[in-house]
Amino acid sequence: MSDSVLLDTADGVLTITWNEPERLNALTADMLNDAAAAIEAASDVRLIVITGSGRAFSSGAALGPDFDGAATLDGANRLVRAITRTPVPVVSAVNGIAAGVGVSIAIAADITVAKSSGYFLLAFVNIGLMPDGGATELVAASIGRARANRMAMLGERLSADEAAEIGLIHASLDDEAYEAELATLIDKLGNGPTVALGTMKAAITATTLSHLDAALDREREGQIALFATTDFAEGGQAFIEKRAAKFTGR
């Protein structure tokens with residue numbers, strides 16, 4: 001376990017914190033696998049909280065010369081499966097920006113709250129890719145097909161307030177009250193009827209995310225193909241150079 005992912009267990013609550021604030025908690029395959037392994041190995045916990053350090057929850061995958069698309073996809077899929085399958089409630093505490101696969105991880109949780117200054121952005125279209133990490137199922141299951149298409153195809157940025165209003169997340173919390181209200185939520189869930197909460201989680205997940213495994217596999221296949229396109233090469237380079245991409249449809 002590296003310092004890029006911090007783990008803390010106290011009073012039956014496992015808190016997982018992305019800890020790369022200088023790069024807005026951009027996620028590597030190792031970070032994703034470390035978080036997944038922590039959830040898979042968790043015992044004697046009643047609640048899991050996922051959050052980020054600094055001003056971002058996560059800006060998405062860590063693009064750059066060392067980017068391994070397949071490994072990152074596999075790590076993200078492993079983590080989303082761990083979040084949705086663990087028998088205890090999972091809370092995503094979105095402390096700022098959630099973009100790309102950061103959106104998928106945030107809303108894979110059972111309860112997602114965000115600072116009102118935060119936002120959600122499926123930024124994949126801007127670099128010639130498709131949403132992954134289960135987003136094609138998770139987002140549509142939360143807000144419907146039409147709005148999911150807007151977020152995915154138009155790269156629509158949703159403020160935390162908008163995300164709460166349309167049902168993408170549980171609540172948008174005023175920045176000044178965020179810590180106190182999050183602590184109240186953690187206390188309520190962490191001291192709740194753990195077995196009952198786990199049973200209802202499994203039932204709701206089975207009803208609303210019945211095609212999640214198929215979505216993860218379909219996204220992986222589609223994304224691997226997109227990694228080989230000239231549009232992704234251009235999109236990735238444009239992202240690094242902080243300019244608009246010029247796509248050619250190839």
# chains A, B, ... in the order shown; residues from 1 in each chain; ligands from 1
>>> residues_around(residues="segment 196-212 of chain A", least_positions_apart="4", cutoff="8 Å", atoms="only C-alpha atoms", output="ChimeraX atom specification")
/A:84-85,87-89,110,134,137-138,141,192,216
>>> write_last_selection(atoms="all heavy atoms", output="compact mmCIF listing (two decimals), in the first residue's frame")
# COMPACT_ATOMS: atom_id res chain seq x y z
N THR A 84 -19.88 -2.34 -4.83
CA THR A 84 -21.29 -2.77 -4.95
C THR A 84 -21.55 -4.13 -4.31
O THR A 84 -22.69 -4.45 -3.99
CB THR A 84 -21.73 -2.79 -6.42
OG1 THR A 84 -20.84 -3.62 -7.18
CG2 THR A 84 -21.73 -1.38 -7.00
N ARG A 85 -20.50 -4.93 -4.12
CA ARG A 85 -20.68 -6.27 -3.57
C ARG A 85 -20.42 -6.39 -2.08
O ARG A 85 -20.89 -7.34 -1.44
CB ARG A 85 -19.77 -7.26 -4.32
CG ARG A 85 -20.16 -7.51 -5.76
CD ARG A 85 -19.15 -8.40 -6.46
NE ARG A 85 -19.51 -8.65 -7.86
CZ ARG A 85 -18.76 -9.33 -8.72
NH1 ARG A 85 -17.58 -9.83 -8.33
NH2 ARG A 85 -19.17 -9.50 -9.97
N PRO A 87 -20.81 -6.33 1.76
CA PRO A 87 -22.09 -6.40 2.48
C PRO A 87 -22.34 -5.27 3.46
O PRO A 87 -23.32 -5.32 4.21
CB PRO A 87 -21.97 -7.74 3.21
CG PRO A 87 -20.51 -7.93 3.43
CD PRO A 87 -19.85 -7.34 2.22
N VAL A 88 -21.49 -4.25 3.47
CA VAL A 88 -21.73 -3.10 4.34
C VAL A 88 -21.97 -1.87 3.48
O VAL A 88 -21.52 -1.81 2.33
CB VAL A 88 -20.56 -2.86 5.31
CG1 VAL A 88 -20.35 -4.08 6.21
CG2 VAL A 88 -19.27 -2.53 4.57
N PRO A 89 -22.66 -0.88 4.02
CA PRO A 89 -22.89 0.34 3.25
C PRO A 89 -21.58 1.05 2.90
O PRO A 89 -20.61 1.02 3.67
CB PRO A 89 -23.74 1.21 4.18
CG PRO A 89 -24.32 0.27 5.18
CD PRO A 89 -23.32 -0.82 5.34
N ASP A 110 -23.35 3.45 -2.06
CA ASP A 110 -24.77 3.37 -1.72
C ASP A 110 -25.35 4.76 -1.40
O ASP A 110 -26.51 5.05 -1.71
CB ASP A 110 -24.97 2.44 -0.53
CG ASP A 110 -24.36 1.08 -0.80
OD1 ASP A 110 -24.83 0.39 -1.73
OD2 ASP A 110 -23.38 0.71 -0.11
N GLY A 134 -18.26 1.32 -15.16
CA GLY A 134 -19.68 1.04 -14.93
C GLY A 134 -20.58 2.24 -15.12
O GLY A 134 -21.79 2.16 -14.89
N GLU A 137 -24.00 2.08 -16.88
CA GLU A 137 -25.10 1.52 -16.09
C GLU A 137 -25.42 2.40 -14.90
O GLU A 137 -26.59 2.71 -14.64
CB GLU A 137 -24.75 0.11 -15.60
CG GLU A 137 -25.71 -0.48 -14.57
CD GLU A 137 -26.70 -1.45 -15.16
OE1 GLU A 137 -26.80 -1.53 -16.40
OE2 GLU A 137 -27.41 -2.14 -14.40
N LEU A 138 -24.41 2.82 -14.16
CA LEU A 138 -24.62 3.55 -12.92
C LEU A 138 -25.31 4.89 -13.14
O LEU A 138 -26.24 5.24 -12.40
CB LEU A 138 -23.27 3.77 -12.22
CG LEU A 138 -22.57 2.52 -11.70
CD1 LEU A 138 -21.09 2.81 -11.46
CD2 LEU A 138 -23.23 2.03 -10.42
N ALA A 141 -28.93 4.35 -14.52
CA ALA A 141 -29.81 3.83 -13.48
C ALA A 141 -30.23 4.93 -12.51
O ALA A 141 -31.32 4.87 -11.93
CB ALA A 141 -29.11 2.71 -12.72
N GLY A 192 -26.01 1.84 12.64
CA GLY A 192 -27.28 1.27 12.23
C GLY A 192 -27.28 -0.25 12.29
O GLY A 192 -26.28 -0.88 12.66
N LEU A 216 -19.74 -3.42 -17.35
CA LEU A 216 -18.30 -3.32 -17.14
C LEU A 216 -17.53 -4.06 -18.23
O LEU A 216 -16.53 -3.55 -18.75
CB LEU A 216 -17.94 -3.89 -15.76
CG LEU A 216 -18.39 -3.06 -14.56
CD1 LEU A 216 -18.26 -3.86 -13.28
CD2 LEU A 216 -17.59 -1.76 -14.45
>>> residues_around(residues="Pro21 of chain A", least_positions_apart="5", cutoff="9 Å", atoms="only C-alpha atoms", output="list in words")
Ala26, Gly52, Ser53, Gly54, Arg55, Ala56, Phe57 and Ser58 of chain A
>>> atom_distance(atom1="atom CA of Ala93 of chain A", atom2="atom CA of Gly128 of chain A")
28.6 Å
>>> residues_around(residues="Gly100 of chain A", least_positions_apart="6", cutoff="6 Å", atoms="only C-alpha atoms", output="list of chain:residue names")
A:Gly60, A:Leu122, A:Ala123
>>> select_by_dssp(residues="segment 64-165 of chain A", states="helix (DSSP H, G or I)", output="PyMOL selection string")
chain A and resi 69-85+101-108+123-127+135-143+145-154+160-165
>>> closest_atom_pairs(of="segment 155-232 of chain A", to="segment 237-240 of chain A", cutoff="12 Å", atoms="only C-alpha atoms", output="JSON lines")
{"residue": "A:Thr230", "atom": "CA", "partner": "A:Gln237", "partner_atom": "CA", "distance": 10.6}
{"residue": "A:Asp231", "atom": "CA", "partner": "A:Gln237", "partner_atom": "CA", "distance": 9.8}
{"residue": "A:Phe232", "atom": "CA", "partner": "A:Gln237", "partner_atom": "CA", "distance": 8.3}
>>> write_last_selection(atoms="N, CA, C and O atoms", output="mmCIF file, in the first residue's frame")
data_model
loop_
_atom_site.group_PDB
_atom_site.id
_atom_site.type_symbol
_atom_site.label_atom_id
_atom_site.label_comp_id
_atom_site.auth_asym_id
_atom_site.auth_seq_id
_atom_site.Cartn_x
_atom_site.Cartn_y
_atom_site.Cartn_z
ATOM 1 N N THR A 230 -6.933 7.105 -33.522
ATOM 2 C CA THR A 230 -6.188 8.365 -33.624
ATOM 3 C C THR A 230 -6.891 9.478 -32.848
ATOM 4 O O THR A 230 -6.227 10.411 -32.367
ATOM 5 N N ASP A 231 -8.201 9.372 -32.702
ATOM 6 C CA ASP A 231 -8.914 10.375 -31.918
ATOM 7 C C ASP A 231 -8.463 10.364 -30.460
ATOM 8 O O ASP A 231 -8.306 11.423 -29.843
ATOM 9 N N PHE A 232 -8.248 9.179 -29.896
ATOM 10 C CA PHE A 232 -7.767 9.133 -28.510
ATOM 11 C C PHE A 232 -6.340 9.649 -28.416
ATOM 12 O O PHE A 232 -5.989 10.369 -27.473
#
>>> closest_residue(among="A:Arg81, A:Arg218, A:Arg157, A:Arg250", to="Gly235 of chain A", atoms="only C-alpha atoms")
A:Arg250
>>> closest_residue(among="A:Leu168, A:Leu129, A:Ala99, A:Ala61", to="Gly249 of chain A", atoms="only C-alpha atoms")
A:Leu129
>>> closest_atom_pairs(of="segment 63-141 of chain A", to="segment 178-189 of chain A", cutoff="12 Å", atoms="only C-alpha atoms", output="Markdown table")
| residue | atom | partner | partner_atom | distance |
| --- | --- | --- | --- | --- |
| A:Val88 | CA | A:Leu189 | CA | 9.6 |
| A:Pro89 | CA | A:Leu189 | CA | 7.5 |
| A:Val90 | CA | A:Leu189 | CA | 9.4 |
| A:Val91 | CA | A:Ile186 | CA | 8.0 |
| A:Ser92 | CA | A:Leu182 | CA | 10.0 |
| A:Ala93 | CA | A:Leu182 | CA | 7.6 |
| A:Val94 | CA | A:Tyr178 | CA | 9.9 |
| A:Asn95 | CA | A:Tyr178 | CA | 8.6 |
| A:Gly96 | CA | A:Tyr178 | CA | 11.2 |
| A:Asp110 | CA | A:Leu189 | CA | 11.0 |
| A:Ile111 | CA | A:Leu185 | CA | 9.5 |
| A:Thr112 | CA | A:Leu182 | CA | 10.2 |
| A:Val113 | CA | A:Leu182 | CA | 7.9 |
| A:Ala114 | CA | A:Tyr178 | CA | 7.9 |
| A:Lys115 | CA | A:Tyr178 | CA | 6.2 |
| A:Ser116 | CA | A:Tyr178 | CA | 8.5 |
| A:Ser117 | CA | A:Tyr178 | CA | 10.5 |
| A:Gly118 | CA | A:Tyr178 | CA | 11.4 |
>>> select_by_dssp(residues="segment 15-230 of chain A", states="strand (DSSP E)", output="JSON, numbers by chain")
{"A": [15, 16, 17, 18, 47, 48, 49, 50, 51, 52, 56, 57, 58, 90, 91, 92, 93, 94, 97, 98, 99, 111, 112, 113, 114, 115, 119, 120, 121, 157, 158, 159, 171, 172, 173]}
>>> closest_residue(among="A:Thr72, A:Ile83, A:Arg23, A:Leu121", to="Ala41 of chain A", atoms="only C-alpha atoms")
A:Ile83
>>> residues_around(residues="Met153 of chain A", least_positions_apart="3", cutoff="12 Å", atoms="only C-alpha atoms", output="list in words")
Leu121, Leu122, Ala123, Phe124, Val125, Asn126, Ile127, Gly128, Leu129, Met130, Pro131, Thr136, Arg145, Ala146, Arg147, Ala148, Asn149, Arg150, Glu156 and Arg157 of chain A
>>> residues_around(residues="Ala70 of chain A", least_positions_apart="3", cutoff="12 Å", atoms="only C-alpha atoms", output="list in words")
Thr28, Ala29, Ala61, Phe67, Leu73, Asp74, Gly75, Ala76, Asn77, Asp132, Gly133, Asp217, Glu219, Arg220, Glu221, Gly222, Gln223, Ile224, Ala225, Leu226, Phe227 and Ala228 of chain A
>>> decode(residues="segment 68-141 of chain A", atoms="C-alpha atoms", output="compact mmCIF listing (two decimals), in the first residue's frame")
# COMPACT_ATOMS: atom_id res chain seq x y z
CA ASP A 68 -1.75 1.72 -18.97
CA GLY A 69 -5.31 1.77 -20.21
CA ALA A 70 -6.12 -1.91 -19.79
CA ALA A 71 -4.65 -2.10 -16.29
CA THR A 72 -6.47 1.05 -15.23
CA LEU A 73 -9.75 -0.28 -16.61
CA ASP A 74 -9.30 -3.55 -14.76
CA GLY A 75 -8.49 -1.75 -11.52
CA ALA A 76 -11.54 0.49 -11.85
CA ASN A 77 -13.81 -2.46 -12.61
CA ARG A 78 -12.43 -4.38 -9.64
CA LEU A 79 -13.08 -1.41 -7.35
CA VAL A 80 -16.63 -0.81 -8.58
CA ARG A 81 -17.43 -4.49 -8.12
CA ALA A 82 -15.95 -4.38 -4.61
CA ILE A 83 -18.02 -1.31 -3.69
CA THR A 84 -21.29 -2.77 -4.95
CA ARG A 85 -20.68 -6.27 -3.57
CA THR A 86 -19.38 -5.57 -0.08
CA PRO A 87 -22.09 -6.40 2.48
CA VAL A 88 -21.73 -3.10 4.34
CA PRO A 89 -22.89 0.34 3.25
CA VAL A 90 -20.43 2.48 1.30
CA VAL A 91 -20.50 6.28 1.41
CA SER A 92 -18.76 8.45 -1.16
CA ALA A 93 -17.83 11.81 0.33
CA VAL A 94 -17.17 13.96 -2.72
CA ASN A 95 -15.06 16.83 -1.44
CA GLY A 96 -14.66 18.58 -4.79
CA ILE A 97 -14.20 17.65 -8.43
CA ALA A 98 -15.37 14.21 -9.57
CA ALA A 99 -14.52 13.58 -13.22
CA GLY A 100 -14.10 10.62 -15.54
CA VAL A 101 -13.89 7.34 -13.68
CA GLY A 102 -14.06 9.38 -10.48
CA VAL A 103 -17.77 9.83 -11.24
CA SER A 104 -18.24 6.07 -11.59
CA ILE A 105 -16.57 5.38 -8.26
CA ALA A 106 -18.44 8.16 -6.50
CA ILE A 107 -21.89 7.00 -7.58
CA ALA A 108 -21.16 3.29 -7.20
CA ALA A 109 -21.46 3.92 -3.46
CA ASP A 110 -24.77 3.37 -1.72
CA ILE A 111 -24.92 6.96 -0.45
CA THR A 112 -23.09 9.79 -2.23
CA VAL A 113 -22.84 13.27 -0.77
CA ALA A 114 -20.87 16.19 -2.16
CA LYS A 115 -19.74 19.66 -1.23
CA SER A 116 -21.97 22.16 -2.98
CA SER A 117 -18.87 23.65 -4.63
CA GLY A 118 -18.07 20.30 -6.27
CA TYR A 119 -19.18 18.99 -9.62
CA PHE A 120 -19.50 15.83 -11.71
CA LEU A 121 -18.15 15.53 -15.24
CA LEU A 122 -18.00 12.54 -17.59
CA ALA A 123 -14.99 13.96 -19.40
CA PHE A 124 -14.29 10.93 -21.60
CA VAL A 125 -15.79 12.47 -24.74
CA ASN A 126 -13.24 15.27 -24.55
CA ILE A 127 -10.39 12.79 -25.16
CA GLY A 128 -12.13 10.48 -27.62
CA LEU A 129 -13.15 7.76 -25.16
CA MET A 130 -16.37 6.33 -23.71
CA PRO A 131 -17.46 6.31 -20.05
CA ASP A 132 -16.15 3.35 -18.07
CA GLY A 133 -16.04 2.05 -14.52
CA GLY A 134 -19.68 1.04 -14.93
CA ALA A 135 -20.82 4.58 -15.72
CA THR A 136 -23.03 3.47 -18.62
CA GLU A 137 -25.10 1.52 -16.09
CA LEU A 138 -24.62 3.55 -12.92
CA VAL A 139 -25.45 6.95 -14.38
CA ALA A 140 -28.41 5.78 -16.44
CA ALA A 141 -29.81 3.83 -13.48
